[in-house]
Amino acid sequence: MVAFGKKLKETQIQEWQGYYINYKLMKKKVKQYVQQIEVSEQSREYVLKDFSRVLDKQIEKIVLFLLEQQGKLASTLSMLGQEHDVLIQQQDGSKLSQLQQSYVEVGRELLRLLVFVEMNAIGVRKILKKFDKRCEHKFTNYYVKTRANHPYSQLRQIFKHVGISAVVGTISRNLVDLQDNRASYISIYDQPALPLPDPIIEAINHAVDRLTNSTDFLHYLGKHALILPQELPTPSKDHAAAERYHLMSLLLNLANAFLYMVNTYIIVPTADDYSLSLGAAATVCGAVIGSMAVAQVFSSVYFSAWSNKSYMKPLVFSSIVLLIGNTLYALAYDFNSIYILLIGRLFCGLGSARAVNRRYISDCVPLHLRMKASAGFVSASALGMACGPAVACLLQANFKFMKITFNQDTLPGWIMALAWFLYLLCLWISFREPPKEEMVNVLPQKANSGQIENGLVQNSISQPLLSSAEEKQQDEDEDQDCDNSEESAEEIQKPVTSIVSAYKLLTPSVKVQLLIYFMLKYAMEILLAESSVVTTYYFIWSTSNVAIFLACLGLTVLPVNILVGSYLSNMFEERQVLLASEILVCLGIVLSFQVIIPYSVPQYVFSALITFVAAEVLEGVNLNLLSRVMSSRLSKGTYNGGLLSTEAGTLARVFADSTITLAGYWGMSRLLNVTLLPSLFICIFSIIATCFTYNSLY
């Protein structure tokens with residue numbers, strides 16, 4: 001059986017070379033099509049049909065070869081299974097060990113096959129992109145739509161992986177049976193999470209996940225965090241991340257995200273009362289809440305830059321600043337100073353380390369755990385958003401200790417100061433600073449070093465693709481006019497060095513998506529920040545009622561993400577969900593206006609629920625699309641994609657809170673409608689912008 005593996009390796013160089021997609025041929029075809037279209041516009045229909053036929057042939061060649069290789073692997077597994085049955089009866093430990101190694105070898109061959117398919121999939125994507133650009137036609141949309149669900153589609157066969165899943169299942173079951181070189185009576189069907197001593201199955205599953213564009217809940221939440229993956233992560237980098245990984249440090253990183261969101265929303269139910277007790281107008285709560293966002297605009301940049309050198313130091317600094325900020329916030333009551341209150345919130349904003357949280361997950365968590373860690377980041381943030389108002393609801397005491405007042409206004413500050421002090425102690429004791437990453441050459445490897453370190457993909461397998469890459473570079477030199485927007489391999493690995501450079505990398509569709517993110521954050525901040533003022537004025541709600549209402553809104557975040565990630569995203573295109581969510585946000589805003597009839601609790605609660613839930617759906621889908629289409633150069637460095645989205649959302653919160661404060665000058669009776677008007681206009685503008693770029697959202 002081992003001889004088969006060696007024979008397959010020797011023949012792969014000759015056999016596989018002719019089965020990669022012929023990029024050079026397809027490139028020439030595109031040039032011919034451009035010339036034909038320039039001569040006669042009537043040739044366009046012929047070009048589309050002919051290009052579809054040629055591309056279908058190329059994909060068919062790949063699929064048939066894939067099926068052939070799967071058949072060989074299935075035949076080998078059948079022979080190994082017969083040998084397994086015999087050896088189980090003999091209980092020969094040495095032969096069982098050899099048999100286990102044979103199964104691992106078949107797994108390695110399967111992984112090589114998956115890499116072959118993945119590289120060809122990348123080639124197909126590049127060709128479709130080139131055709132769209134040169135021929136000025138959205139051919140990709142047509143081609144994928146017509147072949148995604150057709151029963152005879154070769155494209156569909158690549159991504160269903162029925163045969164591959166069967167091979168993986170056979171290898172997994174037999175490796176479990178051979179665990180510790182002895183027969184095992186534990187079935188993988190009874191305990192599917194049983195750990196395997198060999199990492200080959202996990203590596204295969206990751207390769208399948210990369211090929212399968214599924215959007216389960218975990219994957220959806222991870223994209224929601226907007227921790228951009230590098231376009232082609234290398235095993236050496238993943239190995240470095242594995243060495244830097246420390247579970248307790250990751251948990252402390254997530255705890256920081258949780259506590260910061262609690263800190264943000266714990267003051268919302270009482271901000272208006274606190275402002276009134278200090279002699280200011282109730283609408284000054286907008287400035288109190290928004291001052292944290294103002295400081296976060298600047299803190300996000302320096303924390304992102306600081307995370308290039310260290311992770312523990314910025315987290316320690318963040319905790320100290322937040323400890324000081326919350327203490328000042330609480331002491332403002334006894335000093336009777338609105339300025340100390342605002343300074344305290346500014347300090348809290350200066351301690352926002354969310355950029356560090358994202359960067360730590362991106363750099364220090366292995367690839368196979370990164371999606372779970374990203375989902376944990378989103379879940380921790382959502383839980384913090386719900387816990388903030390809920391905790392405020394419980395803080396109804398009123399007493400003095402050593403001439404310091406403890407009441408519903410000051411207790412949120414004292415509680416958070418204590419929480420950050422305890423967190424600082426845990427951080428100092430348990431957090432482990434990852435070893436500094438060695439400066440290595442991150443440019444693409446030459447052909448003579450194109451193998452994956454663990455030996456799963458040999459240089460001989462990647463050779464044809466590297467040659468194709470070189471041909472592509474030559475083609476780009478010939479056609480600079482059509483490919484000058486594509487990033488070279490070196491540029492892909494080079495992080496941007498300024499906000500201007502980052503902005504230049506944003507395509508029109510990405511800019512629209514950032515606008516959508518700005519809009520939804522603006523609408524959500526208006527809803528949340530003025531909730532205590534509006535409900536007190538119209539419904540005479542108590543602080544407890546406001547806190548319960550906000551906590552209930554926060555608790556909808558995870559269920560809504562489950563609905564979208566597990567169901568809606570599999571039933572509809574993401575751009576369809578995006579546009580529908582924008583329309584629902586607009587509907588929620590319209591229903592929130594107070595016109596003619598007296599404003600009622602059902603109207604407020606119903607419109608707020610529509611606005612908030614639709615905005616949550618919109619945020620998840622929008623960030624999911626952003627993580628897919630944003631330039632890979634924005635996956636690292638100071639000015640990364642996460643920073644850009646954070647800045648867009650933070651600026652939206654700043655403008656929203658400023659709107660609330662300024663609207664207070666028109667009086668409480670007009671506050672609601674005056675603050676909702678900008679939300680409505682921005683929402684309508686974002687819907688129009690989405691319609692104009694709809695065809696470019698994939």
# chains A, B, ... in the order shown; residues from 1 in each chain; ligands from 1
>>> residues_around(residues="range 602-619 of chain A", least_positions_apart="2", cutoff="9 Å", atoms="only C-alpha atoms", output="number ranges by chain")
A: 224, 516-517, 520-521, 523-524, 527, 535, 549, 553-554, 556-557, 560-561, 564, 577-593, 599-600, 621-624
>>> write_last_selection(atoms="N, CA and C atoms", output="CSV table (one decimal), in the first residue's frame")
chain,number,residue,atom,x,y,z
A,224,HIS,N,-18.2,38.8,10.8
A,224,HIS,CA,-18.8,40.0,11.5
A,224,HIS,C,-17.7,40.8,12.2
A,516,ILE,N,-22.6,52.5,4.3
A,516,ILE,CA,-23.7,51.8,4.9
A,516,ILE,C,-23.4,51.5,6.4
A,517,TYR,N,-22.2,51.2,6.7
A,517,TYR,CA,-21.7,51.0,8.1
A,517,TYR,C,-21.9,52.2,8.9
A,520,LEU,N,-25.8,52.8,9.5
A,520,LEU,CA,-26.4,51.9,10.5
A,520,LEU,C,-25.9,52.2,11.9
A,521,LYS,N,-24.7,52.6,12.1
A,521,LYS,CA,-24.2,53.0,13.4
A,521,LYS,C,-24.8,54.3,13.8
A,523,ALA,N,-27.8,55.4,13.0
A,523,ALA,CA,-29.2,55.2,13.3
A,523,ALA,C,-29.3,54.5,14.7
A,524,MET,N,-28.4,53.5,14.9
A,524,MET,CA,-28.4,52.8,16.2
A,524,MET,C,-28.0,53.7,17.4
A,527,LEU,N,-30.9,55.9,18.3
A,527,LEU,CA,-31.9,55.2,19.0
A,527,LEU,C,-31.5,54.9,20.4
A,535,THR,N,-38.0,58.4,26.3
A,535,THR,CA,-38.9,57.6,27.1
A,535,THR,C,-39.3,58.3,28.3
A,549,PHE,N,-35.4,47.8,28.8
A,549,PHE,CA,-35.7,47.9,27.3
A,549,PHE,C,-34.4,47.8,26.5
A,553,LEU,N,-33.1,44.8,23.8
A,553,LEU,CA,-32.6,45.1,22.5
A,553,LEU,C,-31.3,44.4,22.3
A,554,GLY,N,-30.4,44.5,23.3
A,554,GLY,CA,-29.0,43.9,23.1
A,554,GLY,C,-29.1,42.4,23.0
A,556,THR,N,-31.1,40.7,21.5
A,556,THR,CA,-31.5,40.2,20.1
A,556,THR,C,-30.4,40.0,19.2
A,557,VAL,N,-29.2,40.5,19.6
A,557,VAL,CA,-28.0,40.4,18.6
A,557,VAL,C,-27.7,39.0,18.2
A,560,VAL,N,-30.4,37.1,16.2
A,560,VAL,CA,-30.5,37.6,14.8
A,560,VAL,C,-29.4,37.1,14.0
A,561,ASN,N,-28.2,37.1,14.6
A,561,ASN,CA,-27.0,36.6,13.8
A,561,ASN,C,-27.1,35.1,13.5
A,564,VAL,N,-29.6,34.9,10.5
A,564,VAL,CA,-29.0,35.3,9.2
A,564,VAL,C,-27.8,34.4,8.8
A,577,VAL,N,-30.0,40.5,0.9
A,577,VAL,CA,-30.2,40.7,2.3
A,577,VAL,C,-29.8,42.1,2.7
A,578,LEU,N,-28.7,42.6,2.1
A,578,LEU,CA,-28.2,43.9,2.4
A,578,LEU,C,-29.2,45.0,2.1
A,579,LEU,N,-29.7,44.9,0.8
A,579,LEU,CA,-30.6,46.0,0.4
A,579,LEU,C,-32.0,45.9,1.2
A,580,ALA,N,-32.4,44.7,1.4
A,580,ALA,CA,-33.7,44.5,2.2
A,580,ALA,C,-33.5,45.1,3.6
A,581,SER,N,-32.4,44.8,4.2
A,581,SER,CA,-32.1,45.3,5.6
A,581,SER,C,-32.1,46.9,5.6
A,582,GLU,N,-31.5,47.5,4.6
A,582,GLU,CA,-31.4,48.9,4.5
A,582,GLU,C,-32.9,49.5,4.4
A,583,ILE,N,-33.7,48.8,3.6
A,583,ILE,CA,-35.1,49.3,3.5
A,583,ILE,C,-35.8,49.2,4.8
A,584,LEU,N,-35.6,48.1,5.5
A,584,LEU,CA,-36.2,47.9,6.8
A,584,LEU,C,-35.7,48.9,7.8
A,585,VAL,N,-34.4,49.3,7.8
A,585,VAL,CA,-33.9,50.3,8.7
A,585,VAL,C,-34.7,51.6,8.4
A,586,CYS,N,-34.8,51.9,7.1
A,586,CYS,CA,-35.5,53.1,6.7
A,586,CYS,C,-36.9,53.1,7.2
A,587,LEU,N,-37.6,52.0,7.1
A,587,LEU,CA,-39.0,51.8,7.5
A,587,LEU,C,-39.1,52.1,9.0
A,588,GLY,N,-38.1,51.5,9.8
A,588,GLY,CA,-38.1,51.7,11.2
A,588,GLY,C,-37.9,53.1,11.6
A,589,ILE,N,-37.1,53.8,10.9
A,589,ILE,CA,-36.9,55.3,11.2
A,589,ILE,C,-38.1,56.1,10.9
A,590,VAL,N,-38.8,55.8,9.8
A,590,VAL,CA,-40.0,56.5,9.4
A,590,VAL,C,-41.1,56.2,10.4
A,591,LEU,N,-41.2,55.0,10.9
A,591,LEU,CA,-42.2,54.7,11.9
A,591,LEU,C,-41.9,55.3,13.3
A,592,SER,N,-40.7,55.8,13.5
A,592,SER,CA,-40.3,56.4,14.8
A,592,SER,C,-40.7,57.8,14.9
A,593,PHE,N,-41.1,58.5,13.8
A,593,PHE,CA,-41.4,59.9,13.8
A,593,PHE,C,-42.7,60.1,14.6
A,599,TYR,N,-47.8,60.2,20.7
A,599,TYR,CA,-46.7,59.1,20.6
A,599,TYR,C,-47.0,58.1,21.7
A,600,SER,N,-47.0,56.8,21.3
A,600,SER,CA,-47.4,55.7,22.2
A,600,SER,C,-46.2,54.8,22.4
A,621,VAL,N,-24.2,41.4,7.5
A,621,VAL,CA,-24.0,41.1,6.1
A,621,VAL,C,-23.0,42.1,5.5
A,622,ASN,N,-23.1,43.4,5.9
A,622,ASN,CA,-22.2,44.4,5.3
A,622,ASN,C,-20.7,44.1,5.6
A,623,LEU,N,-20.4,43.7,6.9
A,623,LEU,CA,-19.1,43.4,7.2
A,623,LEU,C,-18.6,42.1,6.6
A,624,ASN,N,-19.5,41.2,6.4
A,624,ASN,CA,-19.2,39.9,5.8
A,624,ASN,C,-18.8,40.2,4.3
>>> closest_residue(among="A:Val106, A:Ala373, A:Leu66, A:Ala355", to="Trp306 in chain A", atoms="only C-alpha atoms")
A:Ala355
>>> closest_residue(among="A:Leu48, A:Cys691, A:Ala353, A:Ala166", to="Phe317 in chain A", atoms="only C-alpha atoms")
A:Ala353
>>> residues_around(residues="range 654-671 of chain A", least_positions_apart="2", cutoff="10 Å", atoms="only C-alpha atoms", output="compact mmCIF listing (two decimals) with all heavy atoms, in the first residue's frame")
# COMPACT_ATOMS: atom_id res chain seq x y z
N ALA A 281 -28.57 70.40 30.82
CA ALA A 281 -29.80 69.93 30.20
C ALA A 281 -29.74 68.41 30.02
O ALA A 281 -28.66 67.83 29.91
CB ALA A 281 -30.02 70.61 28.85
N ALA A 282 -30.91 67.79 29.95
CA ALA A 282 -30.95 66.34 29.78
C ALA A 282 -30.32 65.89 28.48
O ALA A 282 -29.71 64.82 28.39
CB ALA A 282 -32.40 65.85 29.86
N THR A 283 -30.43 66.75 27.44
CA THR A 283 -29.88 66.39 26.13
C THR A 283 -28.36 66.43 26.09
O THR A 283 -27.76 65.99 25.11
CB THR A 283 -30.44 67.33 25.05
OG1 THR A 283 -30.23 68.69 25.45
CG2 THR A 283 -31.91 67.08 24.83
N VAL A 284 -27.74 66.95 27.15
CA VAL A 284 -26.28 66.90 27.23
C VAL A 284 -25.80 65.46 27.35
O VAL A 284 -24.62 65.16 27.18
CB VAL A 284 -25.77 67.76 28.42
CG1 VAL A 284 -24.28 67.64 28.61
CG2 VAL A 284 -26.13 69.23 28.18
N CYS A 285 -26.73 64.54 27.63
CA CYS A 285 -26.37 63.12 27.66
C CYS A 285 -25.75 62.69 26.34
O CYS A 285 -24.92 61.77 26.30
CB CYS A 285 -27.59 62.26 27.98
SG CYS A 285 -28.83 62.18 26.67
N GLY A 286 -26.14 63.35 25.24
CA GLY A 286 -25.51 63.06 23.95
C GLY A 286 -24.03 63.34 23.97
O GLY A 286 -23.23 62.56 23.45
N ALA A 287 -23.66 64.48 24.58
CA ALA A 287 -22.24 64.81 24.69
C ALA A 287 -21.52 63.87 25.65
O ALA A 287 -20.36 63.49 25.41
CB ALA A 287 -22.08 66.26 25.14
N VAL A 288 -22.20 63.49 26.72
CA VAL A 288 -21.59 62.58 27.70
C VAL A 288 -21.30 61.22 27.06
O VAL A 288 -20.21 60.67 27.19
CB VAL A 288 -22.52 62.41 28.93
CG1 VAL A 288 -21.96 61.35 29.88
CG2 VAL A 288 -22.70 63.73 29.65
N ILE A 289 -22.29 60.69 26.36
CA ILE A 289 -22.11 59.40 25.70
C ILE A 289 -21.14 59.52 24.53
O ILE A 289 -20.27 58.67 24.33
CB ILE A 289 -23.47 58.85 25.22
CG1 ILE A 289 -24.40 58.62 26.42
CG2 ILE A 289 -23.30 57.57 24.43
CD1 ILE A 289 -25.83 58.30 26.04
N GLY A 290 -21.26 60.61 23.76
CA GLY A 290 -20.45 60.77 22.56
C GLY A 290 -19.01 61.12 22.82
O GLY A 290 -18.15 60.89 21.95
N SER A 291 -18.67 61.68 23.98
CA SER A 291 -17.28 62.04 24.26
C SER A 291 -16.38 60.81 24.24
O SER A 291 -15.20 60.88 23.87
CB SER A 291 -17.17 62.76 25.61
OG SER A 291 -17.72 61.96 26.65
N MET A 292 -16.92 59.67 24.62
CA MET A 292 -16.16 58.43 24.57
C MET A 292 -15.84 58.06 23.12
O MET A 292 -14.73 57.62 22.81
CB MET A 292 -16.97 57.31 25.23
CG MET A 292 -16.20 56.03 25.49
SD MET A 292 -17.19 54.88 26.48
CE MET A 292 -16.06 53.51 26.63
N ALA A 293 -16.81 58.26 22.24
CA ALA A 293 -16.59 57.95 20.82
C ALA A 293 -15.59 58.92 20.19
O ALA A 293 -14.80 58.53 19.34
CB ALA A 293 -17.93 58.01 20.07
N VAL A 294 -15.63 60.20 20.61
CA VAL A 294 -14.68 61.18 20.08
C VAL A 294 -13.25 60.74 20.38
O VAL A 294 -12.37 60.76 19.50
CB VAL A 294 -14.94 62.58 20.69
CG1 VAL A 294 -13.83 63.54 20.31
CG2 VAL A 294 -16.28 63.12 20.22
N ALA A 295 -13.00 60.34 21.62
CA ALA A 295 -11.65 59.90 21.99
C ALA A 295 -11.28 58.61 21.28
O ALA A 295 -10.10 58.40 20.93
CB ALA A 295 -11.57 59.71 23.50
N GLN A 296 -12.26 57.75 21.01
CA GLN A 296 -11.98 56.47 20.37
C GLN A 296 -11.51 56.66 18.93
O GLN A 296 -10.77 55.82 18.41
CB GLN A 296 -13.24 55.59 20.40
CG GLN A 296 -12.99 54.16 19.97
CD GLN A 296 -14.24 53.31 20.05
OE1 GLN A 296 -15.22 53.69 20.69
NE2 GLN A 296 -14.21 52.16 19.41
N VAL A 297 -11.92 57.75 18.28
CA VAL A 297 -11.44 58.03 16.93
C VAL A 297 -9.92 58.08 16.90
O VAL A 297 -9.26 57.57 15.98
CB VAL A 297 -12.04 59.36 16.40
CG1 VAL A 297 -11.39 59.76 15.09
CG2 VAL A 297 -13.54 59.24 16.24
N PHE A 518 -21.53 53.38 8.28
CA PHE A 518 -21.71 54.67 8.94
C PHE A 518 -23.18 54.92 9.22
O PHE A 518 -23.57 55.34 10.32
CB PHE A 518 -21.13 55.78 8.05
CG PHE A 518 -21.29 57.17 8.61
CD1 PHE A 518 -20.29 57.73 9.38
CD2 PHE A 518 -22.44 57.91 8.37
CE1 PHE A 518 -20.43 59.01 9.91
CE2 PHE A 518 -22.59 59.19 8.89
CZ PHE A 518 -21.58 59.74 9.66
N MET A 519 -24.02 54.65 8.23
CA MET A 519 -25.45 54.90 8.36
C MET A 519 -26.08 54.07 9.48
O MET A 519 -26.81 54.58 10.33
CB MET A 519 -26.16 54.60 7.03
CG MET A 519 -27.67 54.75 7.05
SD MET A 519 -28.59 53.28 7.61
CE MET A 519 -28.27 52.16 6.26
N LYS A 521 -24.67 52.60 12.06
CA LYS A 521 -24.15 52.98 13.38
C LYS A 521 -24.77 54.30 13.84
O LYS A 521 -25.04 54.49 15.03
CB LYS A 521 -22.62 53.08 13.34
CG LYS A 521 -21.91 51.74 13.34
CD LYS A 521 -22.18 50.98 14.62
CE LYS A 521 -21.45 49.66 14.68
NZ LYS A 521 -21.76 48.89 15.90
N TYR A 522 -24.97 55.22 12.88
CA TYR A 522 -25.61 56.49 13.20
C TYR A 522 -27.04 56.25 13.69
O TYR A 522 -27.46 56.80 14.72
CB TYR A 522 -25.60 57.39 11.96
CG TYR A 522 -26.13 58.79 12.20
CD1 TYR A 522 -25.25 59.83 12.48
CD2 TYR A 522 -27.50 59.07 12.14
CE1 TYR A 522 -25.73 61.13 12.71
CE2 TYR A 522 -27.98 60.35 12.36
CZ TYR A 522 -27.09 61.38 12.64
OH TYR A 522 -27.57 62.64 12.86
N ALA A 523 -27.79 55.43 12.96
CA ALA A 523 -29.19 55.16 13.33
C ALA A 523 -29.27 54.45 14.68
O ALA A 523 -30.13 54.78 15.52
CB ALA A 523 -29.86 54.31 12.24
N MET A 524 -28.38 53.48 14.91
CA MET A 524 -28.40 52.76 16.19
C MET A 524 -28.02 53.67 17.35
O MET A 524 -28.60 53.58 18.43
CB MET A 524 -27.44 51.56 16.12
CG MET A 524 -27.93 50.43 15.22
SD MET A 524 -26.73 49.09 15.07
CE MET A 524 -26.72 48.45 16.74
N GLU A 525 -27.04 54.55 17.15
CA GLU A 525 -26.61 55.43 18.23
C GLU A 525 -27.71 56.45 18.58
O GLU A 525 -27.92 56.75 19.76
CB GLU A 525 -25.32 56.15 17.83
CG GLU A 525 -24.70 56.97 18.94
CD GLU A 525 -24.11 56.14 20.06
OE1 GLU A 525 -24.02 54.90 19.89
OE2 GLU A 525 -23.74 56.71 21.10
N ILE A 526 -28.39 56.97 17.56
CA ILE A 526 -29.52 57.88 17.82
C ILE A 526 -30.57 57.16 18.67
O ILE A 526 -31.09 57.70 19.66
CB ILE A 526 -30.14 58.37 16.50
CG1 ILE A 526 -29.20 59.37 15.79
CG2 ILE A 526 -31.51 59.00 16.73
CD1 ILE A 526 -29.09 60.71 16.47
N LEU A 527 -30.90 55.94 18.27
CA LEU A 527 -31.91 55.16 18.99
C LEU A 527 -31.50 54.91 20.44
O LEU A 527 -32.29 55.13 21.38
CB LEU A 527 -32.14 53.83 18.26
CG LEU A 527 -32.99 52.78 19.00
CD1 LEU A 527 -34.41 53.28 19.19
CD2 LEU A 527 -32.98 51.47 18.23
N LEU A 528 -30.26 54.45 20.65
CA LEU A 528 -29.83 54.05 21.99
C LEU A 528 -29.53 55.25 22.88
O LEU A 528 -29.93 55.29 24.06
CB LEU A 528 -28.59 53.15 21.89
CG LEU A 528 -28.78 51.82 21.14
CD1 LEU A 528 -27.45 51.10 21.01
CD2 LEU A 528 -29.79 50.94 21.86
N ALA A 529 -28.81 56.24 22.34
CA ALA A 529 -28.34 57.35 23.17
C ALA A 529 -29.47 58.25 23.66
O ALA A 529 -29.42 58.79 24.77
CB ALA A 529 -27.30 58.18 22.41
N GLU A 530 -30.51 58.42 22.84
CA GLU A 530 -31.60 59.30 23.25
C GLU A 530 -32.77 58.54 23.88
O GLU A 530 -33.80 59.12 24.19
CB GLU A 530 -32.10 60.13 22.07
CG GLU A 530 -32.88 59.36 21.02
CD GLU A 530 -33.44 60.25 19.93
OE1 GLU A 530 -33.07 61.45 19.90
OE2 GLU A 530 -34.23 59.75 19.10
N VAL A 533 -33.89 59.87 27.33
CA VAL A 533 -34.52 61.20 27.24
C VAL A 533 -35.92 61.09 26.64
O VAL A 533 -36.89 61.64 27.18
CB VAL A 533 -33.65 62.15 26.40
CG1 VAL A 533 -34.32 63.52 26.30
CG2 VAL A 533 -32.26 62.28 26.98
N VAL A 534 -36.03 60.35 25.53
CA VAL A 534 -37.31 60.24 24.83
C VAL A 534 -38.35 59.51 25.68
O VAL A 534 -39.51 59.96 25.80
CB VAL A 534 -37.11 59.51 23.48
CG1 VAL A 534 -38.46 59.17 22.84
CG2 VAL A 534 -36.29 60.36 22.54
N TYR A 537 -39.55 61.66 28.59
CA TYR A 537 -40.40 62.78 28.18
C TYR A 537 -41.79 62.31 27.76
O TYR A 537 -42.81 62.88 28.16
CB TYR A 537 -39.74 63.54 27.04
CG TYR A 537 -40.57 64.69 26.51
CD1 TYR A 537 -40.65 65.90 27.20
CD2 TYR A 537 -41.29 64.55 25.31
CE1 TYR A 537 -41.42 66.95 26.71
CE2 TYR A 537 -42.06 65.59 24.82
CZ TYR A 537 -42.12 66.79 25.52
OH TYR A 537 -42.89 67.82 25.04
N TYR A 538 -41.86 61.23 26.94
CA TYR A 538 -43.14 60.80 26.39
C TYR A 538 -43.88 59.81 27.29
O TYR A 538 -45.12 59.82 27.36
CB TYR A 538 -42.94 60.16 25.02
CG TYR A 538 -42.64 61.16 23.92
CD1 TYR A 538 -41.34 61.32 23.44
CD2 TYR A 538 -43.64 61.94 23.36
CE1 TYR A 538 -41.05 62.23 22.43
CE2 TYR A 538 -43.38 62.85 22.35
CZ TYR A 538 -42.08 63.00 21.89
OH TYR A 538 -41.79 63.91 20.90
N GLN A 594 -42.79 61.20 15.34
CA GLN A 594 -44.00 61.58 16.07
C GLN A 594 -44.77 62.61 15.24
O GLN A 594 -44.35 63.75 15.11
CB GLN A 594 -43.63 62.16 17.44
CG GLN A 594 -44.81 62.29 18.40
CD GLN A 594 -45.49 63.64 18.33
OE1 GLN A 594 -44.83 64.68 18.27
NE2 GLN A 594 -46.82 63.63 18.32
N GLY A 649 -17.55 53.59 11.99
CA GLY A 649 -18.58 53.44 13.01
C GLY A 649 -18.44 54.44 14.14
O GLY A 649 -19.45 54.97 14.64
N THR A 650 -17.21 54.72 14.55
CA THR A 650 -16.98 55.66 15.65
C THR A 650 -17.36 57.08 15.24
O THR A 650 -17.97 57.83 16.02
CB THR A 650 -15.50 55.63 16.09
OG1 THR A 650 -15.15 54.28 16.42
CG2 THR A 650 -15.27 56.51 17.29
N LEU A 651 -17.00 57.47 14.02
CA LEU A 651 -17.39 58.80 13.54
C LEU A 651 -18.91 58.93 13.48
O LEU A 651 -19.46 60.00 13.78
CB LEU A 651 -16.78 59.05 12.15
CG LEU A 651 -15.28 59.36 12.12
CD1 LEU A 651 -14.77 59.39 10.69
CD2 LEU A 651 -14.98 60.69 12.82
N ALA A 652 -19.58 57.85 13.10
CA ALA A 652 -21.04 57.88 13.06
C ALA A 652 -21.61 58.13 14.46
O ALA A 652 -22.54 58.92 14.63
CB ALA A 652 -21.57 56.56 12.50
N ASN A 673 -38.04 64.16 16.41
CA ASN A 673 -38.10 64.35 14.95
C ASN A 673 -36.84 64.98 14.39
O ASN A 673 -36.38 64.62 13.29
CB ASN A 673 -39.32 65.20 14.59
CG ASN A 673 -40.63 64.46 14.80
OD1 ASN A 673 -40.64 63.25 15.00
ND2 ASN A 673 -41.74 65.19 14.76
N VAL A 674 -36.25 65.93 15.12
CA VAL A 674 -35.04 66.60 14.64
C VAL A 674 -33.87 65.61 14.53
O VAL A 674 -33.08 65.66 13.58
CB VAL A 674 -34.67 67.78 15.56
CG1 VAL A 674 -33.28 68.33 15.22
CG2 VAL A 674 -35.70 68.89 15.44
N THR A 675 -33.76 64.69 15.49
CA THR A 675 -32.66 63.73 15.45
C THR A 675 -32.89 62.61 14.43
O THR A 675 -31.94 62.01 13.92
CB THR A 675 -32.45 63.08 16.83
OG1 THR A 675 -33.69 62.53 17.30
CG2 THR A 675 -31.95 64.11 17.83
N LEU A 676 -34.17 62.34 14.13
CA LEU A 676 -34.46 61.28 13.17
C LEU A 676 -34.29 61.73 11.72
O LEU A 676 -34.03 60.89 10.84
CB LEU A 676 -35.89 60.77 13.37
CG LEU A 676 -36.15 59.92 14.62
CD1 LEU A 676 -37.64 59.60 14.74
CD2 LEU A 676 -35.33 58.64 14.60
N PRO A 678 -31.82 63.48 10.09
CA PRO A 678 -30.52 63.11 9.46
C PRO A 678 -30.41 61.61 9.24
O PRO A 678 -29.86 61.18 8.21
CB PRO A 678 -29.49 63.60 10.48
CG PRO A 678 -30.19 64.65 11.28
CD PRO A 678 -31.62 64.21 11.34
N SER A 679 -30.92 60.80 10.17
CA SER A 679 -30.89 59.34 9.99
C SER A 679 -31.63 58.93 8.73
O SER A 679 -31.16 58.08 7.96
CB SER A 679 -31.51 58.64 11.21
OG SER A 679 -30.77 58.84 12.36
>>> closest_atom_pairs(of="range 309-400 of chain A", to="range 255-268 of chain A", cutoff="12 Å", atoms="only C-alpha atoms", output="CSV")
residue,atom,partner,partner_atom,distance
A:Met312,CA,A:Asn256,CA,11.6
A:Pro314,CA,A:Asn256,CA,11.4
A:Leu315,CA,A:Asn256,CA,8.0
A:Val316,CA,A:Asn256,CA,10.3
A:Phe317,CA,A:Asn256,CA,12.0
A:Ser318,CA,A:Asn256,CA,9.1
A:Ser319,CA,A:Asn256,CA,8.5
A:Val321,CA,A:Tyr260,CA,11.8
A:Leu322,CA,A:Tyr260,CA,8.8
A:Leu323,CA,A:Asn263,CA,10.6
A:Gly325,CA,A:Asn263,CA,10.4
A:Asn326,CA,A:Asn263,CA,8.6
A:Tyr329,CA,A:Ile267,CA,10.0
A:Ala330,CA,A:Ile267,CA,10.8
A:Leu341,CA,A:Ile267,CA,11.5
A:Gly344,CA,A:Asn263,CA,11.9
A:Arg345,CA,A:Thr264,CA,9.2
A:Leu346,CA,A:Thr264,CA,11.5
A:Phe347,CA,A:Asn263,CA,11.8
A:Cys348,CA,A:Asn263,CA,8.1
A:Gly349,CA,A:Thr264,CA,8.8
A:Leu350,CA,A:Tyr260,CA,11.3
A:Gly351,CA,A:Tyr260,CA,8.7
A:Ser352,CA,A:Tyr260,CA,7.1
A:Ala353,CA,A:Asn256,CA,7.8
A:Arg354,CA,A:Ala257,CA,6.4
A:Ala355,CA,A:Ala257,CA,9.9
A:Val356,CA,A:Ala257,CA,9.6
A:Asn357,CA,A:Ala257,CA,6.9
A:Arg358,CA,A:Ala257,CA,9.4
A:Tyr360,CA,A:Ala257,CA,11.8
A:Ile361,CA,A:Ala257,CA,11.9
A:Ser374,CA,A:Ala257,CA,11.5
A:Gly376,CA,A:Ala257,CA,9.8
A:Phe377,CA,A:Ala257,CA,6.9
A:Val378,CA,A:Ala257,CA,8.7
A:Ser379,CA,A:Phe258,CA,8.6
A:Ala380,CA,A:Phe258,CA,4.9
A:Ser381,CA,A:Phe258,CA,5.1
A:Ala382,CA,A:Met261,CA,7.9
A:Leu383,CA,A:Phe258,CA,6.9
A:Gly384,CA,A:Val262,CA,4.5
A:Met385,CA,A:Met261,CA,5.3
A:Ala386,CA,A:Val262,CA,7.7
A:Cys387,CA,A:Val262,CA,6.1
A:Gly388,CA,A:Ile266,CA,4.0
A:Pro389,CA,A:Ile266,CA,4.9
A:Ala390,CA,A:Ile266,CA,7.7
A:Val391,CA,A:Ile266,CA,6.8
A:Ala392,CA,A:Ile266,CA,5.6
A:Cys393,CA,A:Ile266,CA,9.0
A:Leu394,CA,A:Ile266,CA,10.8
A:Leu395,CA,A:Ile266,CA,10.2
